[in-house]
Structures are given as structure tokens and as C-alpha cells.
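Worksheet for the structure shown next.
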Amino acid sequence: MSETPVADPITLRQLPRLRARDFGQLGGLLRPGTHSSPLLHLGKRFVLAPPGLPTMLVTHDMDDVRALFAHQDDFSLGQVLSRLSSHDRMFGKQTLIFLDGPEHRRERKLFSPPFQHKALTSYEDLMVEVVRRELPSWPVGEPLEFLRMGYDLAIGVLLGVVFGDVAPGRAERLKHAVHEWFGAIESRGFLAVTLLTPLFGGYTPPYPPLGRRQAEVDVVILEEIAARRSDPGYAAERSDVLSRYVGTELDQHDDAALARNLRGILLGAYETTAITLGWIAVMLAGHPEALAAVDAAADSGDRARLDAYLDAVVAETMRLRPVSPFTGRRAIRDTVVNGVRIPKGAMVLVPILLIHESPQHYPDPMTFRPERFLENRINGHLWLTFGAGPHRCLGAQFALAEARVLFRTILEQRRIEPVPGGLEPPRRFHTGLSPAANGRVILRERG
Ligand code: HEM
């Protein structure tokens with residue numbers, strides 16, 4: 001039998017190239033309305049070679065995307081993050097997102113169990129409790145910035161889920177240290193350092209305030225780890241993430257590495273979750289039909305119906321407002337992806353938002369219609385808010401469950417209403433998608 005001849009891979013040089021003077025058009029793929037981008041004329045793949053940066057293939061050919069995420073060992077996510085942004089300073093290069101190949105697989109196995117389906121129900125009471133604690137202080141009947149509520153809810157849940165019952169004095173110190181650390185990350189100084197990173201060949205200059213704040217967080221986390229180690233009975237009755245490590249077969253790190261990874265989880269989970277909660281409120285308030293459906297479900301007292309509709313609202317919100325409109329991988333060796341030769345060092349970028357806004361994948365794509373996710377489940381190849389492949393978000397199932405439980409608990413007590421002025425747009429010049437006016441909505445008592 002004769003073998004089917006394999007076509008020679010094409011090279012990046014053979015693909016359409018984005019001219020330097022049009023680089024600014026890339027911004028149009030970072031904001032809703034990607035379908036009107038002039039870049040679509042270049043087809044589903046195009047290449048850019050910015051001076052001083054690696055060559056980049058941008059592709060929304062779904063066969064390329066599938067093949068890219070399936071190439072476990074030829075690509076690195078961490079090398080994209082450290083070359084284009086300051087993530088390595090924020091996370092530390094030894095955290096999960098920066099590891100590749102077998103080392104990444106081994107670590108991922110150790111850190112997955114607390115975020116898998118089986119563990120999720122054990123966090124539900126905590127999520128409900130956090131809403132009940134926070135909600136009485138939220139204004140009723142006047143505009144509020146829901147993003148701020150999102151941050152309070154996200155940190156309340158995260159600290160509880162990751163650390164459990166921390167002794168009161170230490171809990172306050174931990175909260176304070178984490179708050180200061182996030183403050184340093186969001187400061188103008190660190191933003192400047194981040195913007196310089198691509199120009200410095202991927203080197204992020206040290207930013208001492210961030211280093212100090214990180215060290216302060218680590219001190220408290222290390223104290224807590226030591227306290228757990230000295231009280232072996234403590235973990236037996238707990239379901240927080242730390243208790244699932246200390247003294248178990250997952251406990252294969254020294255304390256500094258465990259602290260670093262727990263800090264990495266806090267960082268990966270905090271802002272992404274808060275922004276998503278903000279967008280859910282904005283999208284509900286801005287779409288009367290979805291709001292009416294959610295209100296009818298909440299008023300019916302049928303929790304399963306409310307949960308099912310909320311899951312669809314969350315999926316639809318994250319389709320149209322993915323916190324990261326792009327993800328990417330950098331080739332760590334010469335390789336071929338779906339017939340395209342990718343040389344070592346080149347990057348492949350996936351425009352998530354453009355894929356989510358494509359009429360080929362989602363009929364009437366610009367309409368916010370949660371029902372599409374009641375009719376069809378999420379298709380993991382076409383819905384990429386959590387990325388895909390071996391680095392797909394570790395907390396994806398957790399984040400979806402969290403959004404459902406938090407909104408269910410809020411909506412059982414409050415109605416959401418829009419503020420005048422139409423649907424809130426994303427912040428301008430913000431690389432991630434976050435609501436420009438911090439998610440302004442009105443809450444009213446549900447009578
Ligand atoms: C709505 C909330 C969230 C969003 C939108 C989000 C998004 C993402 C994205 C886009 C990635 C990169 C995936 C890729 O490029 O393939 C990622 C990775 C990651 N996320 Fe999330 N995330 C969220 C919540 C969380 C939560 C709650 C946790 C932890 C509990 C978490 C922990 C992580 C970790 C550890 C990674 C790195 C995984 C790896 O490299 O193996 N994230 N996330």
C-alpha cells in the first residue's frame with residue numbers, strides 16, 4: 001500500500017504579513033466588535049514581526065488552535081507571559097503557569113485536586129456566607145460600582161477557600177498583606193515597569209515595593225503553614241486548600257514552594273474573578289430579556305431553575321467579555337502546527353474574543369443571549385475564556401461554580417437594575433476587558 005504523501009509544511013514567510021504601520025490595528029482585537037477589524041482581510045492567519053520582539057503568528061483557524069493546544073511539549077505559556085509582560089515578577093518563575101512539559105504536568109497534578117468537581121461543593125457554604133456578610137453594607141436603590149463588590153467577594157471567598165479558619169490576628173494580617181500586595185501590582189509604578197518589559201527584551205526591572213509586599217504575604221503564609229504542621233489534627237476536619245496539602249500525599253513541597261504556589265493561586269484567581277463578577281452584573285443589567293428571565297427564576301423559588309439560567313448567563317458573559325481577549329504560546333523547539341512550520345522562539349497568538357464573536361461559531365454572535373448555553377453546552381474548543389490545553393485555567397470549574405453560587409445568593413435577596421446610559425463599555429486602553437465605570441448598576445430589595 002502506498003503511503004499518503006505528507007505536504008511540506010508552509011513557513012511563516014509564506015503567510016500574510018501585517019505591516020509595521022498597521023500594528024495599531026491589533027488593538028481592535030482586544031475590544032468587543034472584533035468583526036469590524038480590518039485585520040480580517042488578512043484571512044485566518046497572519047504574521048507580524050515587531051522590531052526587537054519574537055515573530056508572532058496570529059491565528060483564528062480552529063484547526064491551528066486545536067493543534068496548538070494539543071502540542072503539549074513544544075510550547076510554553078510562561079515564555080509568552082515573561083517576554084511580553086511582567087507576570088514573572090508577579091507570580092515568580094517557579095509557579096505553575098511558568099512551568100512546562102513533565103515538570104508542569106507533575107505540579108499540576110498536585111495542585112488540581114482542591115479545584116476539581118468533587119471538592120467544589122465543600123466550598124459552597126463559605127461562598128454563601130461571604131455574600132451574607134458583605135451584602136448588608138451594599139447601598140440599595142442608588143447606583144453602585146459592582147466591580148468593587150466583586151473584589152470584596154472574590155477575596156473573601158479566596159482567603160477562606162485557600163486558608164480556611166486562620167486565627168483572627170493572623171487573618172487580619174494576611175488580608176492586609178494581600179491587599180497591599182495587590183495595591184503594588186496595580187500601582188502606576190508597576191504599570192510603567194510592565195510597559196517597559198517588551199522593550200527590554202522580556203526583562204522586567206525590579207520594582208522594590210512589589211518585592212517587599214510579596215515578602216510580607218509570604219511571611220504570613222509561612223506562619224500559617226508552620227501552625228498547621230504543628231497541629232496535625234487541624235487538617236482532618238477541614239476542606240480548605242492548605243488543609244488538603246499539609247501532611248497528605250500532595251505535600252511534596254518545601255514550605256517556601258508551597259507558599260509561592262498558594263500566592264500564585266491567589267493572584268491568578270483574584271482579579272479575573274472580580275472582573276468577571278462585575279461583567280455579569282453589567283450584562284444582566286444591560287439586557288432586559290435576560291434580566292426578566294433571571295428575575296422570574298429567582299422569584300419562582302426554584303433553585304435548580306435559577307442555577308441553570310445563571311450558568312448560562314455566566315457562560316454568555318464570559319463569551320462576550322473574556323477577561324483575557326488573547327492567549328498565546330511560544331515555541332520552545334522547532335515544530336509544526338497544522339501544516340505551519342513554527343521556528344523555536346516564535347509565538348502563536350490566539351485571539352479569543354475574535355473567535356467568540358465569530359458568526360461561524362456563534363449564530364448572531366453580538367447578541368447577549370444566555371439561552372444559547374441552555375440549548376447547547378459549552379464547547380471547550382470554541383469557548384476559550386479559560387484558555388485550553390495543558391495550561392487551561394486550573395480554577396475554571398471553581399470560578400464557574402463560584403459565580404453561580406454568589407449570584408444566586410445575591411439574587412435571592414436583591415434585584416439588579418440598569419443605570420441610565422446604556423451598556424457599559426470596557427475600559428479604553430486596558431489590555432484585559434474590565435468595565436469602564438467599574439460596573440455601575442442599581443440593587444433593590446427583592447420583595
Ligand atoms: C473568572 C475567573 C478566571 C478567569 C477568566 C481565568 C482565566 C485564566 C486563563 C485565560 C488562564 C491561561 C490559560 C491558557 O492560556 O490556556 C488561566 C490560568 C490559570 N488560572 Fe485562571 N482564571 C480565572 C479564575 C481562576 C481561579 C479561581 C483560580 C484558582 C483557584 C485560577 C488559577 C489559575 C492557574 C493556577 C492557572 C495556570 C494553570 C497552568 O498553567 O497550568 N484561575 N486562568
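Ligands are numbered from 1 in the order shown, residues from 1 within each chain, and chains are lettered A, B, ... in the order they appear in the C-alpha cells.
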
Those of range 244-352 of chain A in DSSP strand (DSSP E), formatted as number ranges by chain: A: 326-331, 335-337, 340-342, 347-351

Ligand 1 neighbours within 7 Å using only C-alpha atoms and all ligand atoms, as a ChimeraX atom specification: /A:77,96-98,104,108,115,264-266,268-270,272-273,276,322-324,327-328,385-396,398-399

Shell around Arg444 in chain A at 7 Å using only C-alpha atoms, local window under 4 positions removed, as JSON, numbers by chain: {"A": [140, 141, 414, 415, 416]}

Deliver the residues from the most recent selection as a file, using C-alpha atoms, as a PDB file, in the first residue's frame.
```pdb
ATOM      1  CA  VAL A 140     -29.827  49.876  47.921  1.00  0.00           C
ATOM      2  CA  GLY A 141     -31.766  51.978  45.398  1.00  0.00           C
ATOM      3  CA  ARG A 414     -31.743  41.698  45.595  1.00  0.00           C
ATOM      4  CA  ARG A 415     -32.884  42.691  42.108  1.00  0.00           C
ATOM      5  CA  ILE A 416     -30.434  44.185  39.652  1.00  0.00           C
TER       6      ILE A 416
END
```

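By chain and then residue number, the residues within 10 Å of Val162 in chain A are A:Pro114, A:Val157, A:Leu158, A:Leu159, A:Gly160, A:Gly164, A:Asp165, A:Ser239, A:Asp240, A:Val241, A:Leu242, A:Ser243, A:Arg244, A:Leu262, A:Arg263, A:Ile265, A:Leu266, counting only C-alpha atoms and disregarding those fewer than 2 positions away in sequence.
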
Dump of C-alpha atoms for the selected residues, as a compact mmCIF listing (two decimals), in the first residue's frame:
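Result went into part_21.txt, see below:
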```
# COMPACT_ATOMS: atom_id res chain seq x y z
CA PRO A 114 -8.80 21.06 45.52
CA VAL A 157 -14.02 33.51 49.11
CA LEU A 158 -10.40 33.02 48.10
CA LEU A 159 -8.88 33.52 51.52
CA GLY A 160 -11.50 31.21 53.03
CA GLY A 164 -9.75 28.20 55.90
CA ASP A 165 -10.07 29.31 59.54
CA SER A 239 -11.66 21.31 53.47
CA ASP A 240 -9.58 24.42 52.69
CA VAL A 241 -6.80 24.08 50.13
CA LEU A 242 -3.96 24.32 52.65
CA SER A 243 -5.50 21.58 54.79
CA ARG A 244 -5.68 19.38 51.71
CA LEU A 262 -0.57 29.42 47.12
CA ARG A 263 0.32 33.04 46.44
CA ILE A 265 -3.23 30.80 43.01
CA LEU A 266 -4.44 33.92 44.86
```

Selection near Thr55 in chain A, 12 Å with only C-alpha atoms, sequence-local residues under 3 positions removed, as a ChimeraX atom specification: /A:11-13,17-18,46-52,58,80,329-331,342-349

If you run DSSP on this backbone, which residues of range 224-303 of chain A come out as helix (DSSP H, G or I), and could you give them as a PDB file with N, CA, C and O atoms, in the first residue's frame?
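Listing of result.pdb after writing:
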```
ATOM      1  N   GLU A 224       1.365  30.477  58.796  1.00  0.00           N
ATOM      2  CA  GLU A 224       0.159  29.651  58.819  1.00  0.00           C
ATOM      3  C   GLU A 224       0.511  28.193  58.500  1.00  0.00           C
ATOM      4  O   GLU A 224      -0.014  27.270  59.110  1.00  0.00           O
ATOM      5  N   ILE A 225       1.425  27.998  57.544  1.00  0.00           N
ATOM      6  CA  ILE A 225       1.838  26.627  57.217  1.00  0.00           C
ATOM      7  C   ILE A 225       2.480  25.983  58.458  1.00  0.00           C
ATOM      8  O   ILE A 225       2.174  24.842  58.825  1.00  0.00           O
ATOM      9  N   ALA A 226       3.344  26.758  59.130  1.00  0.00           N
ATOM     10  CA  ALA A 226       4.017  26.219  60.323  1.00  0.00           C
ATOM     11  C   ALA A 226       2.989  25.866  61.399  1.00  0.00           C
ATOM     12  O   ALA A 226       3.091  24.815  62.051  1.00  0.00           O
ATOM     13  N   ALA A 227       1.973  26.737  61.561  1.00  0.00           N
ATOM     14  CA  ALA A 227       0.951  26.465  62.583  1.00  0.00           C
ATOM     15  C   ALA A 227       0.214  25.161  62.256  1.00  0.00           C
ATOM     16  O   ALA A 227      -0.073  24.350  63.140  1.00  0.00           O
ATOM     17  N   ARG A 228      -0.070  24.949  60.963  1.00  0.00           N
ATOM     18  CA  ARG A 228      -0.773  23.711  60.574  1.00  0.00           C
ATOM     19  C   ARG A 228       0.105  22.484  60.830  1.00  0.00           C
ATOM     20  O   ARG A 228      -0.371  21.445  61.244  1.00  0.00           O
ATOM     21  N   ARG A 229       1.376  22.632  60.539  1.00  0.00           N
ATOM     22  CA  ARG A 229       2.271  21.476  60.723  1.00  0.00           C
ATOM     23  C   ARG A 229       2.376  21.094  62.201  1.00  0.00           C
ATOM     24  O   ARG A 229       2.556  19.929  62.532  1.00  0.00           O
ATOM     25  N   PRO A 232      -1.372  18.550  63.761  1.00  0.00           N
ATOM     26  CA  PRO A 232      -1.778  17.612  62.712  1.00  0.00           C
ATOM     27  C   PRO A 232      -3.279  17.316  62.714  1.00  0.00           C
ATOM     28  O   PRO A 232      -3.858  17.003  61.679  1.00  0.00           O
ATOM     29  N   GLY A 233      -3.938  17.455  63.878  1.00  0.00           N
ATOM     30  CA  GLY A 233      -5.373  17.167  63.941  1.00  0.00           C
ATOM     31  C   GLY A 233      -6.201  18.199  63.194  1.00  0.00           C
ATOM     32  O   GLY A 233      -7.319  17.936  62.752  1.00  0.00           O
ATOM     33  N   TYR A 234      -5.655  19.401  63.021  1.00  0.00           N
ATOM     34  CA  TYR A 234      -6.411  20.520  62.442  1.00  0.00           C
ATOM     35  C   TYR A 234      -6.971  20.170  61.066  1.00  0.00           C
ATOM     36  O   TYR A 234      -8.159  20.336  60.806  1.00  0.00           O
ATOM     37  N   ALA A 235      -6.087  19.649  60.205  1.00  0.00           N
ATOM     38  CA  ALA A 235      -6.473  19.450  58.811  1.00  0.00           C
ATOM     39  C   ALA A 235      -7.561  18.399  58.652  1.00  0.00           C
ATOM     40  O   ALA A 235      -8.371  18.471  57.720  1.00  0.00           O
ATOM     41  N   ALA A 236      -7.599  17.445  59.568  1.00  0.00           N
ATOM     42  CA  ALA A 236      -8.520  16.314  59.406  1.00  0.00           C
ATOM     43  C   ALA A 236      -9.960  16.766  59.197  1.00  0.00           C
ATOM     44  O   ALA A 236     -10.706  16.164  58.423  1.00  0.00           O
ATOM     45  N   LEU A 242      -5.172  24.594  51.872  1.00  0.00           N
ATOM     46  CA  LEU A 242      -3.960  24.322  52.651  1.00  0.00           C
ATOM     47  C   LEU A 242      -4.110  23.020  53.446  1.00  0.00           C
ATOM     48  O   LEU A 242      -3.192  22.196  53.484  1.00  0.00           O
ATOM     49  N   SER A 243      -5.289  22.811  54.022  1.00  0.00           N
ATOM     50  CA  SER A 243      -5.505  21.578  54.789  1.00  0.00           C
ATOM     51  C   SER A 243      -5.461  20.342  53.902  1.00  0.00           C
ATOM     52  O   SER A 243      -5.204  19.247  54.377  1.00  0.00           O
ATOM     53  N   ARG A 244      -5.730  20.529  52.612  1.00  0.00           N
ATOM     54  CA  ARG A 244      -5.684  19.376  51.706  1.00  0.00           C
ATOM     55  C   ARG A 244      -4.240  19.014  51.344  1.00  0.00           C
ATOM     56  O   ARG A 244      -4.008  18.029  50.659  1.00  0.00           O
ATOM     57  N   ASP A 255       8.236  24.386  52.407  1.00  0.00           N
ATOM     58  CA  ASP A 255       7.227  25.396  52.763  1.00  0.00           C
ATOM     59  C   ASP A 255       7.290  26.624  51.866  1.00  0.00           C
ATOM     60  O   ASP A 255       6.260  27.210  51.519  1.00  0.00           O
ATOM     61  N   ALA A 256       8.509  27.000  51.469  1.00  0.00           N
ATOM     62  CA  ALA A 256       8.632  28.201  50.633  1.00  0.00           C
ATOM     63  C   ALA A 256       7.943  27.971  49.281  1.00  0.00           C
ATOM     64  O   ALA A 256       7.240  28.853  48.767  1.00  0.00           O
ATOM     65  N   ALA A 257       8.107  26.774  48.718  1.00  0.00           N
ATOM     66  CA  ALA A 257       7.490  26.481  47.421  1.00  0.00           C
ATOM     67  C   ALA A 257       5.970  26.409  47.555  1.00  0.00           C
ATOM     68  O   ALA A 257       5.231  26.894  46.689  1.00  0.00           O
ATOM     69  N   LEU A 258       5.507  25.828  48.657  1.00  0.00           N
ATOM     70  CA  LEU A 258       4.057  25.758  48.874  1.00  0.00           C
ATOM     71  C   LEU A 258       3.486  27.177  49.002  1.00  0.00           C
ATOM     72  O   LEU A 258       2.479  27.517  48.380  1.00  0.00           O
ATOM     73  N   ALA A 259       4.168  28.014  49.769  1.00  0.00           N
ATOM     74  CA  ALA A 259       3.713  29.406  49.949  1.00  0.00           C
ATOM     75  C   ALA A 259       3.673  30.132  48.609  1.00  0.00           C
ATOM     76  O   ALA A 259       2.708  30.839  48.291  1.00  0.00           O
ATOM     77  N   ARG A 260       4.711  29.939  47.797  1.00  0.00           N
ATOM     78  CA  ARG A 260       4.793  30.607  46.494  1.00  0.00           C
ATOM     79  C   ARG A 260       3.626  30.183  45.609  1.00  0.00           C
ATOM     80  O   ARG A 260       3.000  30.988  44.945  1.00  0.00           O
ATOM     81  N   ASN A 261       3.327  28.895  45.625  1.00  0.00           N
ATOM     82  CA  ASN A 261       2.236  28.413  44.775  1.00  0.00           C
ATOM     83  C   ASN A 261       0.872  28.879  45.272  1.00  0.00           C
ATOM     84  O   ASN A 261      -0.008  29.189  44.471  1.00  0.00           O
ATOM     85  N   LEU A 262       0.713  28.926  46.594  1.00  0.00           N
ATOM     86  CA  LEU A 262      -0.569  29.419  47.123  1.00  0.00           C
ATOM     87  C   LEU A 262      -0.737  30.893  46.755  1.00  0.00           C
ATOM     88  O   LEU A 262      -1.815  31.348  46.371  1.00  0.00           O
ATOM     89  N   ARG A 263       0.364  31.623  46.833  1.00  0.00           N
ATOM     90  CA  ARG A 263       0.325  33.045  46.440  1.00  0.00           C
ATOM     91  C   ARG A 263      -0.013  33.156  44.951  1.00  0.00           C
ATOM     92  O   ARG A 263      -0.778  34.025  44.533  1.00  0.00           O
ATOM     93  N   GLY A 264       0.546  32.261  44.131  1.00  0.00           N
ATOM     94  CA  GLY A 264       0.265  32.263  42.695  1.00  0.00           C
ATOM     95  C   GLY A 264      -1.219  32.007  42.420  1.00  0.00           C
ATOM     96  O   GLY A 264      -1.822  32.635  41.543  1.00  0.00           O
ATOM     97  N   ILE A 265      -1.797  31.101  43.200  1.00  0.00           N
ATOM     98  CA  ILE A 265      -3.231  30.804  43.014  1.00  0.00           C
ATOM     99  C   ILE A 265      -4.066  32.036  43.372  1.00  0.00           C
ATOM    100  O   ILE A 265      -5.001  32.412  42.661  1.00  0.00           O
ATOM    101  N   LEU A 266      -3.698  32.702  44.477  1.00  0.00           N
ATOM    102  CA  LEU A 266      -4.439  33.925  44.860  1.00  0.00           C
ATOM    103  C   LEU A 266      -4.403  34.942  43.727  1.00  0.00           C
ATOM    104  O   LEU A 266      -5.414  35.542  43.360  1.00  0.00           O
ATOM    105  N   LEU A 267      -3.218  35.094  43.153  1.00  0.00           N
ATOM    106  CA  LEU A 267      -3.037  36.112  42.109  1.00  0.00           C
ATOM    107  C   LEU A 267      -3.831  35.751  40.849  1.00  0.00           C
ATOM    108  O   LEU A 267      -4.507  36.599  40.258  1.00  0.00           O
ATOM    109  N   GLY A 268      -3.758  34.476  40.435  1.00  0.00           N
ATOM    110  CA  GLY A 268      -4.461  34.048  39.221  1.00  0.00           C
ATOM    111  C   GLY A 268      -5.968  34.153  39.379  1.00  0.00           C
ATOM    112  O   GLY A 268      -6.692  34.351  38.404  1.00  0.00           O
ATOM    113  N   ALA A 269      -6.420  34.016  40.633  1.00  0.00           N
ATOM    114  CA  ALA A 269      -7.858  33.916  40.834  1.00  0.00           C
ATOM    115  C   ALA A 269      -8.527  35.252  41.159  1.00  0.00           C
ATOM    116  O   ALA A 269      -9.700  35.450  40.851  1.00  0.00           O
ATOM    117  N   TYR A 270      -7.792  36.166  41.770  1.00  0.00           N
ATOM    118  CA  TYR A 270      -8.442  37.322  42.391  1.00  0.00           C
ATOM    119  C   TYR A 270      -9.060  38.290  41.378  1.00  0.00           C
ATOM    120  O   TYR A 270     -10.278  38.467  41.300  1.00  0.00           O
ATOM    121  N   GLU A 271      -8.208  38.883  40.560  1.00  0.00           N
ATOM    122  CA  GLU A 271      -8.701  39.938  39.673  1.00  0.00           C
ATOM    123  C   GLU A 271      -9.605  39.368  38.584  1.00  0.00           C
ATOM    124  O   GLU A 271     -10.644  39.938  38.256  1.00  0.00           O
ATOM    125  N   THR A 272      -9.226  38.213  38.035  1.00  0.00           N
ATOM    126  CA  THR A 272     -10.035  37.579  36.983  1.00  0.00           C
ATOM    127  C   THR A 272     -11.465  37.331  37.486  1.00  0.00           C
ATOM    128  O   THR A 272     -12.436  37.605  36.778  1.00  0.00           O
ATOM    129  N   THR A 273     -11.560  36.833  38.718  1.00  0.00           N
ATOM    130  CA  THR A 273     -12.888  36.532  39.271  1.00  0.00           C
ATOM    131  C   THR A 273     -13.671  37.819  39.511  1.00  0.00           C
ATOM    132  O   THR A 273     -14.843  37.926  39.126  1.00  0.00           O
ATOM    133  N   ALA A 274     -13.006  38.808  40.118  1.00  0.00           N
ATOM    134  CA  ALA A 274     -13.706  40.051  40.447  1.00  0.00           C
ATOM    135  C   ALA A 274     -14.235  40.720  39.174  1.00  0.00           C
ATOM    136  O   ALA A 274     -15.387  41.172  39.115  1.00  0.00           O
ATOM    137  N   ILE A 275     -13.396  40.768  38.141  1.00  0.00           N
ATOM    138  CA  ILE A 275     -13.810  41.437  36.903  1.00  0.00           C
ATOM    139  C   ILE A 275     -14.972  40.678  36.262  1.00  0.00           C
ATOM    140  O   ILE A 275     -15.939  41.275  35.773  1.00  0.00           O
ATOM    141  N   THR A 276     -14.892  39.357  36.297  1.00  0.00           N
ATOM    142  CA  THR A 276     -15.984  38.575  35.717  1.00  0.00           C
ATOM    143  C   THR A 276     -17.292  38.827  36.475  1.00  0.00           C
ATOM    144  O   THR A 276     -18.350  38.987  35.860  1.00  0.00           O
ATOM    145  N   LEU A 277     -17.223  38.904  37.800  1.00  0.00           N
ATOM    146  CA  LEU A 277     -18.442  39.191  38.574  1.00  0.00           C
ATOM    147  C   LEU A 277     -18.989  40.566  38.183  1.00  0.00           C
ATOM    148  O   LEU A 277     -20.204  40.745  38.025  1.00  0.00           O
ATOM    149  N   GLY A 278     -18.084  41.523  38.000  1.00  0.00           N
ATOM    150  CA  GLY A 278     -18.510  42.867  37.573  1.00  0.00           C
ATOM    151  C   GLY A 278     -19.226  42.816  36.230  1.00  0.00           C
ATOM    152  O   GLY A 278     -20.293  43.417  36.042  1.00  0.00           O
ATOM    153  N   TRP A 279     -18.668  42.069  35.289  1.00  0.00           N
ATOM    154  CA  TRP A 279     -19.292  41.987  33.956  1.00  0.00           C
ATOM    155  C   TRP A 279     -20.650  41.278  34.004  1.00  0.00           C
ATOM    156  O   TRP A 279     -21.570  41.634  33.257  1.00  0.00           O
ATOM    157  N   ILE A 280     -20.777  40.276  34.871  1.00  0.00           N
ATOM    158  CA  ILE A 280     -22.063  39.569  34.937  1.00  0.00           C
ATOM    159  C   ILE A 280     -23.160  40.565  35.343  1.00  0.00           C
ATOM    160  O   ILE A 280     -24.239  40.607  34.740  1.00  0.00           O
ATOM    161  N   ALA A 281     -22.848  41.401  36.357  1.00  0.00           N
ATOM    162  CA  ALA A 281     -23.839  42.390  36.794  1.00  0.00           C
ATOM    163  C   ALA A 281     -24.156  43.366  35.657  1.00  0.00           C
ATOM    164  O   ALA A 281     -25.321  43.689  35.387  1.00  0.00           O
ATOM    165  N   VAL A 282     -23.107  43.827  34.956  1.00  0.00           N
ATOM    166  CA  VAL A 282     -23.298  44.792  33.866  1.00  0.00           C
ATOM    167  C   VAL A 282     -24.144  44.166  32.745  1.00  0.00           C
ATOM    168  O   VAL A 282     -25.075  44.796  32.221  1.00  0.00           O
ATOM    169  N   MET A 283     -23.821  42.936  32.369  1.00  0.00           N
ATOM    170  CA  MET A 283     -24.514  42.312  31.241  1.00  0.00           C
ATOM    171  C   MET A 283     -25.970  42.020  31.605  1.00  0.00           C
ATOM    172  O   MET A 283     -26.871  42.203  30.789  1.00  0.00           O
ATOM    173  N   LEU A 284     -26.205  41.593  32.835  1.00  0.00           N
ATOM    174  CA  LEU A 284     -27.603  41.361  33.240  1.00  0.00           C
ATOM    175  C   LEU A 284     -28.377  42.683  33.223  1.00  0.00           C
ATOM    176  O   LEU A 284     -29.463  42.771  32.639  1.00  0.00           O
ATOM    177  N   ALA A 285     -27.787  43.707  33.842  1.00  0.00           N
ATOM    178  CA  ALA A 285     -28.488  44.995  33.923  1.00  0.00           C
ATOM    179  C   ALA A 285     -28.752  45.565  32.532  1.00  0.00           C
ATOM    180  O   ALA A 285     -29.768  46.225  32.302  1.00  0.00           O
ATOM    181  N   PRO A 288     -32.562  43.550  29.140  1.00  0.00           N
ATOM    182  CA  PRO A 288     -33.844  43.392  29.838  1.00  0.00           C
ATOM    183  C   PRO A 288     -34.410  41.970  29.750  1.00  0.00           C
ATOM    184  O   PRO A 288     -34.977  41.479  30.737  1.00  0.00           O
ATOM    185  N   GLU A 289     -34.234  41.298  28.604  1.00  0.00           N
ATOM    186  CA  GLU A 289     -34.844  39.957  28.498  1.00  0.00           C
ATOM    187  C   GLU A 289     -34.152  38.974  29.435  1.00  0.00           C
ATOM    188  O   GLU A 289     -34.800  38.157  30.100  1.00  0.00           O
ATOM    189  N   ALA A 290     -32.820  39.050  29.473  1.00  0.00           N
ATOM    190  CA  ALA A 290     -32.077  38.148  30.368  1.00  0.00           C
ATOM    191  C   ALA A 290     -32.406  38.472  31.823  1.00  0.00           C
ATOM    192  O   ALA A 290     -32.578  37.578  32.658  1.00  0.00           O
ATOM    193  N   LEU A 291     -32.527  39.780  32.100  1.00  0.00           N
ATOM    194  CA  LEU A 291     -32.842  40.192  33.465  1.00  0.00           C
ATOM    195  C   LEU A 291     -34.226  39.672  33.876  1.00  0.00           C
ATOM    196  O   LEU A 291     -34.410  39.176  34.995  1.00  0.00           O
ATOM    197  N   ALA A 292     -35.182  39.772  32.953  1.00  0.00           N
ATOM    198  CA  ALA A 292     -36.536  39.280  33.263  1.00  0.00           C
ATOM    199  C   ALA A 292     -36.492  37.772  33.510  1.00  0.00           C
ATOM    200  O   ALA A 292     -37.145  37.259  34.434  1.00  0.00           O
ATOM    201  N   ALA A 293     -35.702  37.058  32.706  1.00  0.00           N
ATOM    202  CA  ALA A 293     -35.634  35.594  32.883  1.00  0.00           C
ATOM    203  C   ALA A 293     -34.997  35.243  34.222  1.00  0.00           C
ATOM    204  O   ALA A 293     -35.458  34.330  34.926  1.00  0.00           O
ATOM    205  N   VAL A 294     -33.974  35.988  34.599  1.00  0.00           N
ATOM    206  CA  VAL A 294     -33.301  35.695  35.864  1.00  0.00           C
ATOM    207  C   VAL A 294     -34.225  36.050  37.037  1.00  0.00           C
ATOM    208  O   VAL A 294     -34.293  35.323  38.033  1.00  0.00           O
ATOM    209  N   ASP A 295     -34.951  37.164  36.904  1.00  0.00           N
ATOM    210  CA  ASP A 295     -35.874  37.550  37.969  1.00  0.00           C
ATOM    211  C   ASP A 295     -36.988  36.521  38.119  1.00  0.00           C
ATOM    212  O   ASP A 295     -37.365  36.153  39.233  1.00  0.00           O
ATOM    213  N   ALA A 296     -37.517  36.047  36.969  1.00  0.00           N
ATOM    214  CA  ALA A 296     -38.593  35.043  37.036  1.00  0.00           C
ATOM    215  C   ALA A 296     -38.073  33.789  37.735  1.00  0.00           C
ATOM    216  O   ALA A 296     -38.768  33.205  38.587  1.00  0.00           O
ATOM    217  N   ALA A 297     -36.857  33.395  37.423  1.00  0.00           N
ATOM    218  CA  ALA A 297     -36.296  32.192  38.057  1.00  0.00           C
ATOM    219  C   ALA A 297     -36.086  32.435  39.557  1.00  0.00           C
ATOM    220  O   ALA A 297     -36.395  31.572  40.386  1.00  0.00           O
ATOM    221  N   ALA A 298     -35.591  33.632  39.904  1.00  0.00           N
ATOM    222  CA  ALA A 298     -35.348  33.917  41.329  1.00  0.00           C
ATOM    223  C   ALA A 298     -36.676  33.987  42.088  1.00  0.00           C
ATOM    224  O   ALA A 298     -36.797  33.468  43.200  1.00  0.00           O
ATOM    225  N   ASP A 299     -37.707  34.622  41.471  1.00  0.00           N
ATOM    226  CA  ASP A 299     -38.998  34.759  42.153  1.00  0.00           C
ATOM    227  C   ASP A 299     -39.712  33.416  42.289  1.00  0.00           C
ATOM    228  O   ASP A 299     -40.545  33.241  43.172  1.00  0.00           O
ATOM    229  N   SER A 300     -39.405  32.477  41.383  1.00  0.00           N
ATOM    230  CA  SER A 300     -40.109  31.181  41.432  1.00  0.00           C
ATOM    231  C   SER A 300     -39.691  30.366  42.655  1.00  0.00           C
ATOM    232  O   SER A 300     -40.375  29.425  43.043  1.00  0.00           O
ATOM    233  N   ARG A 303     -34.657  26.738  42.905  1.00  0.00           N
ATOM    234  CA  ARG A 303     -33.220  26.978  42.893  1.00  0.00           C
ATOM    235  C   ARG A 303     -32.532  26.324  41.688  1.00  0.00           C
ATOM    236  O   ARG A 303     -31.609  26.891  41.104  1.00  0.00           O
TER     237      ARG A 303
END
```
